[in-house]
Each structure stands twice: as structure tokens, then as C-alpha cells.
$ cat upload00.cif   # mmCIF, C-alpha atoms
data_run
loop_
_atom_site.group_PDB
_atom_site.id
_atom_site.type_symbol
_atom_site.label_atom_id
_atom_site.label_comp_id
_atom_site.auth_asym_id
_atom_site.auth_seq_id
_atom_site.Cartn_x
_atom_site.Cartn_y
_atom_site.Cartn_z
ATOM 1 C CA LEU A 267 -17.586 -42.419 -6.093
ATOM 2 C CA PHE A 268 -18.875 -39.139 -4.654
ATOM 3 C CA SER A 269 -17.631 -35.636 -5.385
ATOM 4 C CA GLN A 270 -19.266 -32.262 -4.850
ATOM 5 C CA SER A 271 -18.839 -28.670 -5.925
ATOM 6 C CA GLY A 272 -19.590 -25.534 -3.940
ATOM 7 C CA ASP A 273 -18.830 -23.060 -6.723
ATOM 8 C CA LEU A 274 -21.241 -24.022 -9.508
ATOM 9 C CA GLY A 275 -18.952 -26.714 -10.845
ATOM 10 C CA SER A 276 -15.718 -24.738 -11.213
ATOM 11 C CA THR A 277 -13.913 -26.958 -8.692
ATOM 12 C CA TRP A 278 -14.729 -30.306 -7.103
ATOM 13 C CA THR A 279 -13.732 -32.193 -3.984
ATOM 14 C CA GLU A 280 -11.525 -35.252 -4.206
ATOM 15 C CA PRO A 281 -13.685 -38.284 -5.077
ATOM 16 C CA PHE A 282 -14.693 -40.466 -2.139
ATOM 17 C CA SER A 283 -15.612 -44.125 -2.568
ATOM 18 C CA LEU A 284 -19.138 -44.849 -1.308
ATOM 19 C CA SER A 285 -19.241 -48.538 -2.150
ATOM 20 C CA GLN A 286 -17.471 -51.002 0.126
ATOM 21 C CA PHE A 287 -16.936 -53.381 -2.776
ATOM 22 C CA GLU A 288 -14.916 -52.234 -5.741
ATOM 23 C CA GLY A 289 -16.285 -54.698 -8.269
ATOM 24 C CA ASN A 290 -14.949 -54.718 -11.815
ATOM 25 C CA CYS A 291 -15.318 -52.438 -14.824
ATOM 26 C CA ILE A 292 -16.845 -54.710 -17.478
ATOM 27 C CA ASP A 293 -20.339 -53.185 -17.300
ATOM 28 C CA ASP A 294 -22.080 -56.249 -15.855
ATOM 29 C CA ASP A 295 -23.538 -57.488 -12.565
ATOM 30 C CA PHE A 296 -20.198 -57.340 -10.768
ATOM 31 C CA THR A 297 -19.767 -53.688 -11.722
ATOM 32 C CA PRO A 298 -21.326 -51.276 -9.161
ATOM 33 C CA GLU A 299 -23.710 -49.152 -11.242
ATOM 34 C CA GLY A 300 -26.930 -47.164 -11.052
ATOM 35 C CA ALA A 301 -25.962 -44.531 -8.466
ATOM 36 C CA VAL A 302 -28.771 -41.955 -8.807
ATOM 37 C CA PRO A 303 -28.762 -39.648 -5.744
ATOM 38 C CA ALA A 304 -31.751 -38.078 -4.031
ATOM 39 C CA ILE A 305 -31.455 -34.931 -1.896
ATOM 40 C CA GLY A 306 -33.612 -34.360 1.199
ATOM 41 C CA ARG A 307 -35.114 -31.093 2.410
ATOM 42 C CA GLN A 308 -32.234 -30.509 4.839
ATOM 43 C CA GLY A 309 -29.549 -31.385 2.312
ATOM 44 C CA GLU A 310 -29.348 -35.062 3.218
ATOM 45 C CA ILE A 311 -27.879 -37.191 0.426
ATOM 46 C CA PHE A 312 -29.259 -40.656 -0.308
ATOM 47 C CA VAL A 313 -28.010 -43.013 -3.000
ATOM 48 C CA SER A 314 -28.427 -46.644 -4.029
ATOM 49 C CA TRP A 315 -26.776 -48.830 -6.660
ATOM 50 C CA GLY A 316 -26.754 -52.387 -7.958
ATOM 51 C CA PHE A 317 -23.921 -54.870 -7.471
ATOM 52 C CA ASP A 318 -23.580 -58.655 -7.203
ATOM 53 C CA GLU A 319 -27.346 -59.374 -7.326
ATOM 54 C CA LYS A 320 -28.100 -56.899 -4.534
ATOM 55 C CA ILE A 321 -29.109 -53.257 -4.227
ATOM 56 C CA TYR A 322 -26.957 -51.274 -1.811
ATOM 57 C CA PHE A 323 -27.705 -47.975 -0.048
ATOM 58 C CA ASP A 324 -25.604 -45.226 1.529
ATOM 59 C CA ARG A 325 -26.363 -41.767 2.935
ATOM 60 C CA SER A 326 -24.815 -38.613 4.317
ATOM 61 C CA PHE A 327 -26.331 -36.086 6.728
ATOM 62 C CA ASP A 328 -23.458 -33.570 6.553
ATOM 63 C CA ASN A 329 -23.200 -32.529 2.905
ATOM 64 C CA GLY A 330 -21.233 -35.594 1.890
ATOM 65 C CA ASN A 331 -18.426 -35.253 4.435
ATOM 66 C CA THR A 332 -19.208 -38.557 6.167
ATOM 67 C CA TRP A 333 -21.128 -41.663 5.104
ATOM 68 C CA LEU A 334 -22.198 -44.943 6.656
ATOM 69 C CA ASP A 335 -19.396 -47.202 7.832
ATOM 70 C CA GLU A 336 -21.124 -50.133 6.161
ATOM 71 C CA ASP A 337 -23.438 -49.955 3.160
ATOM 72 C CA ILE A 338 -26.976 -51.229 3.750
ATOM 73 C CA VAL A 339 -28.216 -54.108 1.611
ATOM 74 C CA VAL A 340 -31.720 -52.992 0.644
ATOM 75 C CA VAL A 341 -32.956 -55.996 -1.296
ATOM 76 C CA GLU A 342 -31.772 -59.052 -3.206
ATOM 77 C CA GLN A 343 -31.941 -58.651 -6.987
ATOM 78 C CA GLN A 344 -32.064 -62.252 -8.143
ATOM 79 C CA ALA A 345 -31.143 -61.605 -11.774
ATOM 80 C CA GLY A 346 -28.698 -58.804 -11.028
ATOM 81 C CA TRP A 347 -28.976 -55.393 -12.642
ATOM 82 C CA ALA A 348 -27.795 -56.579 -16.104
ATOM 83 C CA MET A 349 -30.538 -58.519 -17.867
ATOM 84 C CA GLU A 350 -31.572 -59.659 -21.306
ATOM 85 C CA ILE A 351 -34.841 -58.521 -22.889
ATOM 86 C CA PRO A 352 -35.830 -60.017 -26.274
ATOM 87 C CA GLY A 353 -35.477 -57.451 -29.050
ATOM 88 C CA LEU A 354 -32.875 -55.291 -27.285
ATOM 89 C CA ASP A 355 -29.109 -55.445 -27.483
ATOM 90 C CA ARG A 356 -28.929 -55.022 -23.696
ATOM 91 C CA CYS A 357 -31.073 -53.917 -20.766
ATOM 92 C CA ASN A 358 -30.717 -53.102 -17.092
ATOM 93 C CA GLY A 359 -32.744 -53.053 -13.889
ATOM 94 C CA MET A 360 -30.601 -50.479 -12.105
ATOM 95 C CA PRO A 361 -32.173 -48.748 -9.094
ATOM 96 C CA VAL A 362 -33.430 -45.163 -9.064
ATOM 97 C CA THR A 363 -33.649 -43.432 -5.670
ATOM 98 C CA GLY A 364 -36.283 -40.821 -4.784
ATOM 99 C CA ILE A 365 -37.499 -38.959 -1.708
ATOM 100 C CA ASP A 366 -40.750 -37.252 -0.770
ATOM 101 C CA ASN A 367 -39.844 -33.620 -0.070
ATOM 102 C CA SER A 368 -43.460 -32.453 0.091
ATOM 103 C CA ASN A 369 -45.372 -31.293 3.154
ATOM 104 C CA GLY A 370 -47.757 -34.199 2.759
ATOM 105 C CA LYS A 371 -48.566 -37.299 4.780
ATOM 106 C CA TYR A 372 -45.599 -39.294 3.477
ATOM 107 C CA SER A 373 -42.993 -36.540 3.677
ATOM 108 C CA GLY A 374 -39.483 -37.903 4.180
ATOM 109 C CA SER A 375 -40.251 -41.315 2.729
ATOM 110 C CA LEU A 376 -37.463 -42.813 0.648
ATOM 111 C CA TYR A 377 -38.176 -44.930 -2.431
ATOM 112 C CA ILE A 378 -36.119 -47.128 -4.723
ATOM 113 C CA VAL A 379 -37.574 -48.450 -7.980
ATOM 114 C CA TYR A 380 -35.883 -51.208 -9.960
ATOM 115 C CA ALA A 381 -36.552 -54.117 -12.300
ATOM 116 C CA ASP A 382 -35.876 -57.766 -11.565
ATOM 117 C CA GLN A 383 -36.113 -60.915 -13.619
ATOM 118 C CA ASN A 384 -36.666 -64.565 -12.825
ATOM 119 C CA LYS A 385 -33.686 -66.877 -13.143
ATOM 120 C CA ARG A 386 -34.941 -68.239 -16.471
ATOM 121 C CA GLY A 387 -35.125 -64.747 -17.941
ATOM 122 C CA THR A 388 -38.719 -65.265 -19.040
ATOM 123 C CA ASP A 389 -40.426 -62.695 -16.799
ATOM 124 C CA THR A 390 -39.335 -59.196 -15.788
ATOM 125 C CA ASP A 391 -41.261 -57.061 -13.290
ATOM 126 C CA ILE A 392 -41.022 -53.574 -11.786
ATOM 127 C CA PHE A 393 -40.637 -53.286 -8.007
ATOM 128 C CA LEU A 394 -40.507 -50.506 -5.422
ATOM 129 C CA VAL A 395 -39.144 -50.597 -1.893
ATOM 130 C CA ARG A 396 -39.663 -47.788 0.607
ATOM 131 C CA SER A 397 -38.120 -46.651 3.868
ATOM 132 C CA LEU A 398 -39.757 -44.561 6.561
ATOM 133 C CA ASP A 399 -36.623 -44.188 8.710
ATOM 134 C CA GLN A 400 -34.106 -42.571 6.354
ATOM 135 C CA GLY A 401 -32.930 -45.878 4.958
ATOM 136 C CA ASN A 402 -32.265 -47.879 8.125
ATOM 137 C CA THR A 403 -34.942 -50.430 7.194
ATOM 138 C CA TRP A 404 -36.813 -51.132 3.981
ATOM 139 C CA SER A 405 -40.142 -52.644 3.045
ATOM 140 C CA GLU A 406 -40.586 -55.909 1.228
ATOM 141 C CA PRO A 407 -40.638 -55.351 -2.557
ATOM 142 C CA ILE A 408 -43.936 -53.915 -3.786
ATOM 143 C CA HIS A 409 -45.037 -54.822 -7.312
ATOM 144 C CA VAL A 410 -45.449 -51.632 -9.320
ATOM 145 C CA PHE A 411 -46.796 -53.781 -12.125
ATOM 146 C CA GLU A 412 -47.186 -57.545 -12.198
ATOM 147 C CA ASP A 413 -49.067 -59.357 -14.915
ATOM 148 C CA ASP A 414 -50.131 -62.998 -14.761
ATOM 149 C CA ARG A 415 -48.799 -63.832 -18.235
ATOM 150 C CA ASN A 416 -45.053 -63.848 -17.519
ATOM 151 C CA ARG A 417 -44.453 -60.916 -19.846
ATOM 152 C CA HIS A 418 -41.687 -58.322 -19.591
ATOM 153 C CA GLN A 419 -41.893 -54.918 -17.888
ATOM 154 C CA PHE A 420 -38.531 -53.164 -17.956
ATOM 155 C CA LEU A 421 -36.365 -49.995 -17.904
ATOM 156 C CA PRO A 422 -38.149 -48.028 -15.138
ATOM 157 C CA TRP A 423 -37.443 -44.485 -14.013
ATOM 158 C CA MET A 424 -39.077 -42.567 -11.173
ATOM 159 C CA SER A 425 -39.893 -39.027 -10.095
ATOM 160 C CA VAL A 426 -41.415 -38.020 -6.752
ATOM 161 C CA ASP A 427 -43.383 -34.783 -7.044
ATOM 162 C CA GLU A 428 -41.906 -32.491 -4.387
ATOM 163 C CA LYS A 429 -45.140 -30.516 -4.110
ATOM 164 C CA THR A 430 -47.626 -33.387 -3.808
ATOM 165 C CA GLY A 431 -45.491 -36.382 -2.840
ATOM 166 C CA ASN A 432 -47.049 -38.462 -5.620
ATOM 167 C CA ILE A 433 -44.799 -41.100 -7.184
ATOM 168 C CA PHE A 434 -44.604 -41.377 -10.978
ATOM 169 C CA ILE A 435 -42.815 -44.287 -12.682
ATOM 170 C CA VAL A 436 -42.379 -44.756 -16.430
ATOM 171 C CA PHE A 437 -41.460 -48.150 -17.934
ATOM 172 C CA TYR A 438 -41.947 -50.419 -20.948
ATOM 173 C CA ASP A 439 -44.654 -53.093 -20.910
ATOM 174 C CA ARG A 440 -45.457 -56.126 -23.083
ATOM 175 C CA SER A 441 -48.336 -57.577 -21.081
ATOM 176 C CA ALA A 442 -50.949 -56.907 -23.787
ATOM 177 C CA TYR A 443 -49.221 -58.935 -26.505
ATOM 178 C CA ASN A 444 -47.807 -62.361 -27.278
ATOM 179 C CA ASP A 445 -44.935 -60.984 -29.360
ATOM 180 C CA LEU A 446 -42.342 -58.230 -28.899
ATOM 181 C CA ARG A 447 -44.725 -55.309 -29.303
ATOM 182 C CA THR A 448 -44.032 -52.831 -26.520
ATOM 183 C CA ASP A 449 -46.140 -50.142 -24.850
ATOM 184 C CA VAL A 450 -45.018 -47.334 -22.549
ATOM 185 C CA MET A 451 -46.685 -47.387 -19.158
ATOM 186 C CA LEU A 452 -47.025 -44.800 -16.378
ATOM 187 C CA ALA A 453 -47.583 -46.026 -12.815
ATOM 188 C CA VAL A 454 -48.786 -43.545 -10.183
ATOM 189 C CA SER A 455 -49.017 -43.831 -6.411
ATOM 190 C CA GLU A 456 -50.777 -41.274 -4.223
ATOM 191 C CA ASP A 457 -50.385 -43.245 -0.984
ATOM 192 C CA GLY A 458 -46.631 -43.417 -0.481
ATOM 193 C CA GLY A 459 -46.014 -46.364 -2.764
ATOM 194 C CA GLN A 460 -48.479 -48.738 -1.126
ATOM 195 C CA THR A 461 -50.649 -49.032 -4.243
ATOM 196 C CA PHE A 462 -50.326 -47.995 -7.882
ATOM 197 C CA SER A 463 -52.658 -47.108 -10.717
ATOM 198 C CA ARG A 464 -51.322 -47.742 -14.219
ATOM 199 C CA TYR A 465 -51.905 -46.124 -17.595
ATOM 200 C CA THR A 466 -50.633 -46.778 -21.117
ATOM 201 C CA ILE A 467 -49.277 -43.432 -22.308
ATOM 202 C CA SER A 468 -47.896 -44.362 -25.740
ATOM 203 C CA GLU A 469 -50.362 -43.901 -28.591
ATOM 204 C CA SER A 470 -49.383 -47.200 -30.189
ATOM 205 C CA PRO A 471 -46.943 -50.057 -29.510
ATOM 206 C CA PHE A 472 -43.600 -50.371 -31.235
ATOM 207 C CA LEU A 473 -41.377 -53.291 -32.157
ATOM 208 C CA PRO A 474 -37.808 -52.939 -30.833
ATOM 209 C CA PRO A 475 -34.962 -52.888 -33.352
ATOM 210 C CA GLY A 476 -33.304 -56.162 -32.328
ATOM 211 C CA PRO A 477 -29.856 -56.819 -30.862
ATOM 212 C CA SER A 478 -27.975 -55.376 -33.844
ATOM 213 C CA LYS A 479 -28.956 -51.764 -32.985
ATOM 214 C CA PHE A 480 -28.239 -49.932 -29.730
ATOM 215 C CA PHE A 481 -31.612 -48.914 -28.332
ATOM 216 C CA GLY A 482 -30.433 -46.964 -25.285
ATOM 217 C CA ASP A 483 -30.040 -47.696 -21.591
ATOM 218 C CA TYR A 484 -32.492 -45.388 -19.820
ATOM 219 C CA ASN A 485 -35.827 -43.623 -19.828
ATOM 220 C CA ASN A 486 -36.542 -40.644 -17.590
ATOM 221 C CA ILE A 487 -39.378 -38.698 -15.987
ATOM 222 C CA ASP A 488 -39.884 -35.486 -14.046
ATOM 223 C CA ALA A 489 -42.911 -34.320 -12.071
ATOM 224 C CA TYR A 490 -43.591 -31.011 -10.326
ATOM 225 C CA ASN A 491 -46.913 -29.888 -8.871
ATOM 226 C CA GLY A 492 -48.839 -32.300 -11.067
ATOM 227 C CA LYS A 493 -46.997 -31.480 -14.291
ATOM 228 C CA VAL A 494 -45.552 -34.822 -15.413
ATOM 229 C CA ARG A 495 -43.116 -35.292 -18.281
ATOM 230 C CA PRO A 496 -41.950 -38.840 -19.054
ATOM 231 C CA ILE A 497 -39.275 -39.424 -21.693
ATOM 232 C CA TRP A 498 -38.811 -42.650 -23.635
ATOM 233 C CA THR A 499 -37.272 -44.092 -26.779
ATOM 234 C CA SER A 500 -39.386 -45.629 -29.538
ATOM 235 C CA TYR A 501 -38.582 -47.310 -32.846
ATOM 236 C CA SER A 502 -40.356 -47.364 -36.218
ATOM 237 C CA ASN A 503 -39.440 -47.233 -39.914
ATOM 238 C CA ASN A 504 -35.859 -48.192 -39.054
ATOM 239 C CA LYS A 505 -35.455 -45.060 -36.918
ATOM 240 C CA LEU A 506 -35.071 -44.429 -33.212
ATOM 241 C CA SER A 507 -37.029 -41.474 -31.832
ATOM 242 C CA ILE A 508 -37.500 -39.731 -28.485
ATOM 243 C CA TRP A 509 -41.004 -39.103 -27.135
ATOM 244 C CA THR A 510 -42.782 -37.450 -24.229
ATOM 245 C CA ALA A 511 -46.342 -37.089 -22.978
ATOM 246 C CA LEU A 512 -47.808 -33.870 -21.537
ATOM 247 C CA ILE A 513 -49.613 -34.995 -18.396
ATOM 248 C CA ASP A 514 -51.467 -32.796 -15.926
ATOM 249 C CA TRP A 515 -52.109 -35.091 -12.983
ATOM 250 C CA LYS A 516 -54.636 -32.719 -11.436
ATOM 251 C CA SER A 517 -57.004 -33.724 -14.218
ATOM 252 C CA LYS A 518 -55.457 -37.199 -14.375
ATOM 253 C CA LEU A 519 -55.417 -39.237 -17.574
#
$ encode --input "upload00.cif" --output "C-alpha cells"
Amino acid sequence: LFSQSGDLGSTWTEPFSLSQFEGNCIDDDFTPEGAVPAIGRQGEIFVSWGFDEKIYFDRSFDNGNTWLDEDIVVVEQQAGWAMEIPGLDRCNGMPVTGIDNSNGKYSGSLYIVYADQNKRGTDTDIFLVRSLDQGNTWSEPIHVFEDDRNRHQFLPWMSVDEKTGNIFIVFYDRSAYNDLRTDVMLAVSEDGGQTFSRYTISESPFLPPGPSKFFGDYNNIDAYNGKVRPIWTSYSNNKLSIWTALIDWKSKL
């Protein structure tokens, strides 16, 4: 659903249904979820979500008054957005939408980052798709991180620096280990999502708490003019904790 306010949140418009398919409300693959909007330089609204093993996309060019007659299927998500990761009570690969609002070479490019898993549930990877025509067409999925050991990378979030256009994605990674130890990884693209460099930003790995404790559903990240602030959850000594890293991309990592 979409609703907007023109008076700093005092009043809101009647909700309008963006998704063509209603789905259900049991918080699983047949529930439409993951609607994270991105706003263009001229006020355009772009949003994607996961439903029924697909990622859908809709947009508005007139402040949310009208939307596409038919949602665009961006990409197949073979495992759906709800997935199982060993050591967690639940996990998701919901899409996050971003747009390049910079004055750079890739200005106007749309991006969607998401996680997907093979049908056996033994390998989870992070993918990005991009559009250069305001969402009419989308690229083939680009691997943000793919290891050759069938290990899990999961729970991504993305920020597109509106000053530089650089893409920053934070996610969990187990590629360095044979057990459930988990690192936090930052992937960076300076060429419009065509290629990524990757860095481990957590000081040490952690072991997740197991399915008996709720670990959380999301990470987050924000980037502005090279100042990058990822946020993630960690676990040690029977306690959950929230962490960040202070990254100045001008000097890199």
C-alpha cells in the first residue's frame, strides 16, 4: 500500500494498493513484503517488493497519484524472499531499491539488491539488478558476492551515495569458515553496479544465537559524500548487540 503526507505527517492520503496481487498475511513467500521506496531527483517514486518467488516493481512520476497499470516483474527469486539460514530463527532476501541521484556518469540508474538461495537451501548469494530506463527493463542479476564454496551470504542492505553515486551494500558472510561463524562484509561499486570490491568490516566473526532466539530481520546502511555508516546485529556472551563502522570512502578501507 502507498500513502503520503503533505503536512509533515499530520494527515495522510487514503492508502492505494500498488501490488496487483494481494497475497496472504502469514509472513512468508506468498505475502508481498520488502517495499523500500527510492525517490528520484524530480520526485519520482520507485519501489520493489518480493512475492511468489519474484521481485516486482512499480513507479510513479506524479507524486504518487498514478502508478503503472501492471507491475513489472524484475527478476525470478528461486527460493522466494523467505529463506532459512543455519543458526537463525528466520531470514529473508527481501529487495532494497536505490537510485543514483548524483551528477555523475550513472545518474538516474536504478538498483535493486536482494538475496537468493538455491533450491536445496545450501547456498545463499547476494545479487544486484540495475535499470537505465527508469525501471522499464532490468539487467541480468549481477553477483555482489559469490564464493566457490557454497557458503551463505545473507541479509543485505544498500545505500547509494547521492553525492558520488557509489553503491554500498552491507551483508553477512560465511565464506571464510566451515562452520556458522559469520563476518560482516561491505561491497562497494564505483561503476554503476557493474563490478564490486569487498571488505570485511567486522573486527571478528560471531556465532549466531540459534533458532531459539530472535536475531532480527534487517541490517541497514547510509552513505553521503563518502561518509558510510553500516549497521548490523552481532551476538556474543549470550547477548545481542548493535554495531557500526566509521568509514570514510575517500580514504577507502
$ resolve_selection --input "upload00.cif" --expression "the PyMOL selection byres ((chain A and resi 459-474) around 9)" --output "compact mmCIF listing (two decimals) with C-alpha atoms, keeping the file's coordinate frame"
# COMPACT_ATOMS: atom_id res chain seq x y z
CA PRO A 352 -35.83 -60.02 -26.27
CA GLY A 353 -35.48 -57.45 -29.05
CA LEU A 354 -32.88 -55.29 -27.28
CA TYR A 377 -38.18 -44.93 -2.43
CA LEU A 394 -40.51 -50.51 -5.42
CA VAL A 395 -39.14 -50.60 -1.89
CA ARG A 396 -39.66 -47.79 0.61
CA ILE A 408 -43.94 -53.92 -3.79
CA HIS A 409 -45.04 -54.82 -7.31
CA VAL A 410 -45.45 -51.63 -9.32
CA PHE A 411 -46.80 -53.78 -12.12
CA ASN A 432 -47.05 -38.46 -5.62
CA ILE A 433 -44.80 -41.10 -7.18
CA ASP A 439 -44.65 -53.09 -20.91
CA ARG A 440 -45.46 -56.13 -23.08
CA ASP A 445 -44.94 -60.98 -29.36
CA LEU A 446 -42.34 -58.23 -28.90
CA ARG A 447 -44.72 -55.31 -29.30
CA THR A 448 -44.03 -52.83 -26.52
CA ASP A 449 -46.14 -50.14 -24.85
CA VAL A 450 -45.02 -47.33 -22.55
CA MET A 451 -46.68 -47.39 -19.16
CA LEU A 452 -47.02 -44.80 -16.38
CA ALA A 453 -47.58 -46.03 -12.82
CA VAL A 454 -48.79 -43.54 -10.18
CA SER A 455 -49.02 -43.83 -6.41
CA GLU A 456 -50.78 -41.27 -4.22
CA ASP A 457 -50.38 -43.24 -0.98
CA GLY A 458 -46.63 -43.42 -0.48
CA PRO A 475 -34.96 -52.89 -33.35
CA GLY A 476 -33.30 -56.16 -32.33
CA PRO A 477 -29.86 -56.82 -30.86
CA PHE A 481 -31.61 -48.91 -28.33
CA SER A 500 -39.39 -45.63 -29.54
CA TYR A 501 -38.58 -47.31 -32.85
CA SER A 502 -40.36 -47.36 -36.22
CA TRP A 509 -41.00 -39.10 -27.14
CA THR A 510 -42.78 -37.45 -24.23
CA ALA A 511 -46.34 -37.09 -22.98
CA LEU A 519 -55.42 -39.24 -17.57
$ residues_around --input "upload00.cif" --residues "Val362 in chain A" --least-positions-apart "6" --cutoff "12 Å" --atoms "only C-alpha atoms" --output "number ranges by chain"
A: 299-304, 312-316, 321-323, 347, 376-381, 392-396, 421-426, 434-436, 484-487
$ atom_distance --input "upload00.cif" --atom1 "CA of Asp337 in chain A" --atom2 "CA of Gln286 in chain A"
6.8 Å
$ closest_residue --input "upload00.cif" --among "A:Asp414, A:Glu406, A:Asp514, A:Asp488" --to "Glu342 in chain A" --atoms "all atoms listed in the file"
A:Glu406
$ atom_distance --input "upload00.cif" --atom1 "CA of Arg307 in chain A" --atom2 "CA of Ser373 in chain A"
9.7 Å
$ atom_distance --input "upload00.cif" --atom1 "CA of Ala489 in chain A" --atom2 "CA of Leu284 in chain A"
28.1 Å
$ resolve_selection --input "upload00.cif" --expression "the PyMOL selection byres ((chain A and resi 288) around 12)" --output "ChimeraX atom specification"
/A:267,283-287,289-291,296-299,317-318
$ axis_aligned_box --input "upload00.cif" --around "range 392-409 of chain A" --padding-each-side "4 Å" --output "lines of an AutoDock Vina configuration file"
center_x = -38.7
center_y = -49.2
center_z = -1.5
size_x = 20.8
size_y = 21.3
size_z = 28.5
$ build_atoms --input "upload00.cif" --residues "range 477-485 of chain A" --atoms "all heavy atoms" --output "PDB file, in the coordinates of the input"
ATOM      1  N   PRO A 477     -31.153 -56.962 -31.528  1.00  0.00           N
ATOM      2  CA  PRO A 477     -29.856 -56.819 -30.862  1.00  0.00           C
ATOM      3  C   PRO A 477     -28.769 -56.163 -31.706  1.00  0.00           C
ATOM      4  O   PRO A 477     -27.717 -55.821 -31.177  1.00  0.00           O
ATOM      5  CB  PRO A 477     -29.481 -58.270 -30.526  1.00  0.00           C
ATOM      6  CG  PRO A 477     -30.250 -59.100 -31.496  1.00  0.00           C
ATOM      7  CD  PRO A 477     -31.533 -58.370 -31.754  1.00  0.00           C
ATOM      8  N   SER A 478     -29.013 -55.969 -32.999  1.00  0.00           N
ATOM      9  CA  SER A 478     -27.975 -55.376 -33.844  1.00  0.00           C
ATOM     10  C   SER A 478     -27.913 -53.855 -33.726  1.00  0.00           C
ATOM     11  O   SER A 478     -26.956 -53.229 -34.188  1.00  0.00           O
ATOM     12  CB  SER A 478     -28.210 -55.746 -35.310  1.00  0.00           C
ATOM     13  OG  SER A 478     -29.446 -55.222 -35.771  1.00  0.00           O
ATOM     14  N   LYS A 479     -28.920 -53.227 -33.114  1.00  0.00           N
ATOM     15  CA  LYS A 479     -28.956 -51.764 -32.985  1.00  0.00           C
ATOM     16  C   LYS A 479     -29.039 -51.382 -31.509  1.00  0.00           C
ATOM     17  O   LYS A 479     -29.823 -51.944 -30.752  1.00  0.00           O
ATOM     18  CB  LYS A 479     -30.164 -51.200 -33.741  1.00  0.00           C
ATOM     19  CG  LYS A 479     -30.226 -49.664 -33.734  1.00  0.00           C
ATOM     20  CD  LYS A 479     -31.466 -49.162 -34.438  1.00  0.00           C
ATOM     21  CE  LYS A 479     -31.392 -49.368 -35.929  1.00  0.00           C
ATOM     22  NZ  LYS A 479     -30.399 -48.461 -36.559  1.00  0.00           N
ATOM     23  N   PHE A 480     -28.214 -50.405 -31.114  1.00  0.00           N
ATOM     24  CA  PHE A 480     -28.239 -49.932 -29.730  1.00  0.00           C
ATOM     25  C   PHE A 480     -29.492 -49.107 -29.494  1.00  0.00           C
ATOM     26  O   PHE A 480     -29.684 -48.062 -30.112  1.00  0.00           O
ATOM     27  CB  PHE A 480     -26.984 -49.110 -29.439  1.00  0.00           C
ATOM     28  CG  PHE A 480     -26.970 -48.523 -28.060  1.00  0.00           C
ATOM     29  CD1 PHE A 480     -27.105 -49.324 -26.935  1.00  0.00           C
ATOM     30  CD2 PHE A 480     -26.811 -47.163 -27.876  1.00  0.00           C
ATOM     31  CE1 PHE A 480     -27.090 -48.783 -25.657  1.00  0.00           C
ATOM     32  CE2 PHE A 480     -26.803 -46.603 -26.605  1.00  0.00           C
ATOM     33  CZ  PHE A 480     -26.944 -47.424 -25.500  1.00  0.00           C
ATOM     34  N   PHE A 481     -30.328 -49.561 -28.586  1.00  0.00           N
ATOM     35  CA  PHE A 481     -31.612 -48.914 -28.332  1.00  0.00           C
ATOM     36  C   PHE A 481     -31.508 -47.807 -27.287  1.00  0.00           C
ATOM     37  O   PHE A 481     -32.296 -46.863 -27.277  1.00  0.00           O
ATOM     38  CB  PHE A 481     -32.623 -49.971 -27.872  1.00  0.00           C
ATOM     39  CG  PHE A 481     -34.013 -49.460 -27.670  1.00  0.00           C
ATOM     40  CD1 PHE A 481     -34.810 -49.130 -28.764  1.00  0.00           C
ATOM     41  CD2 PHE A 481     -34.542 -49.310 -26.399  1.00  0.00           C
ATOM     42  CE1 PHE A 481     -36.104 -48.658 -28.588  1.00  0.00           C
ATOM     43  CE2 PHE A 481     -35.829 -48.832 -26.210  1.00  0.00           C
ATOM     44  CZ  PHE A 481     -36.608 -48.510 -27.302  1.00  0.00           C
ATOM     45  N   GLY A 482     -30.551 -47.921 -26.382  1.00  0.00           N
ATOM     46  CA  GLY A 482     -30.433 -46.964 -25.285  1.00  0.00           C
ATOM     47  C   GLY A 482     -30.601 -47.658 -23.953  1.00  0.00           C
ATOM     48  O   GLY A 482     -31.223 -48.719 -23.857  1.00  0.00           O
ATOM     49  N   ASP A 483     -30.071 -47.053 -22.904  1.00  0.00           N
ATOM     50  CA  ASP A 483     -30.040 -47.696 -21.591  1.00  0.00           C
ATOM     51  C   ASP A 483     -31.061 -47.168 -20.600  1.00  0.00           C
ATOM     52  O   ASP A 483     -31.281 -47.802 -19.557  1.00  0.00           O
ATOM     53  CB  ASP A 483     -28.657 -47.524 -20.961  1.00  0.00           C
ATOM     54  CG  ASP A 483     -27.620 -48.426 -21.604  1.00  0.00           C
ATOM     55  OD1 ASP A 483     -27.983 -49.535 -22.017  1.00  0.00           O
ATOM     56  OD2 ASP A 483     -26.449 -48.017 -21.684  1.00  0.00           O
ATOM     57  N   TYR A 484     -31.676 -46.014 -20.851  1.00  0.00           N
ATOM     58  CA  TYR A 484     -32.492 -45.388 -19.820  1.00  0.00           C
ATOM     59  C   TYR A 484     -33.702 -44.667 -20.420  1.00  0.00           C
ATOM     60  O   TYR A 484     -33.647 -44.160 -21.540  1.00  0.00           O
ATOM     61  CB  TYR A 484     -31.692 -44.342 -19.023  1.00  0.00           C
ATOM     62  CG  TYR A 484     -30.328 -44.785 -18.601  1.00  0.00           C
ATOM     63  CD1 TYR A 484     -29.201 -44.384 -19.309  1.00  0.00           C
ATOM     64  CD2 TYR A 484     -30.162 -45.629 -17.508  1.00  0.00           C
ATOM     65  CE1 TYR A 484     -27.929 -44.807 -18.935  1.00  0.00           C
ATOM     66  CE2 TYR A 484     -28.898 -46.053 -17.120  1.00  0.00           C
ATOM     67  CZ  TYR A 484     -27.785 -45.650 -17.840  1.00  0.00           C
ATOM     68  OH  TYR A 484     -26.540 -46.069 -17.476  1.00  0.00           O
ATOM     69  N   ASN A 485     -34.767 -44.605 -19.637  1.00  0.00           N
ATOM     70  CA  ASN A 485     -35.827 -43.623 -19.828  1.00  0.00           C
ATOM     71  C   ASN A 485     -35.647 -42.548 -18.759  1.00  0.00           C
ATOM     72  O   ASN A 485     -34.691 -42.580 -17.985  1.00  0.00           O
ATOM     73  CB  ASN A 485     -37.198 -44.278 -19.708  1.00  0.00           C
ATOM     74  CG  ASN A 485     -37.457 -45.264 -20.826  1.00  0.00           C
ATOM     75  OD1 ASN A 485     -37.223 -44.967 -21.981  1.00  0.00           O
ATOM     76  ND2 ASN A 485     -37.950 -46.450 -20.482  1.00  0.00           N
TER      77      ASN A 485
END
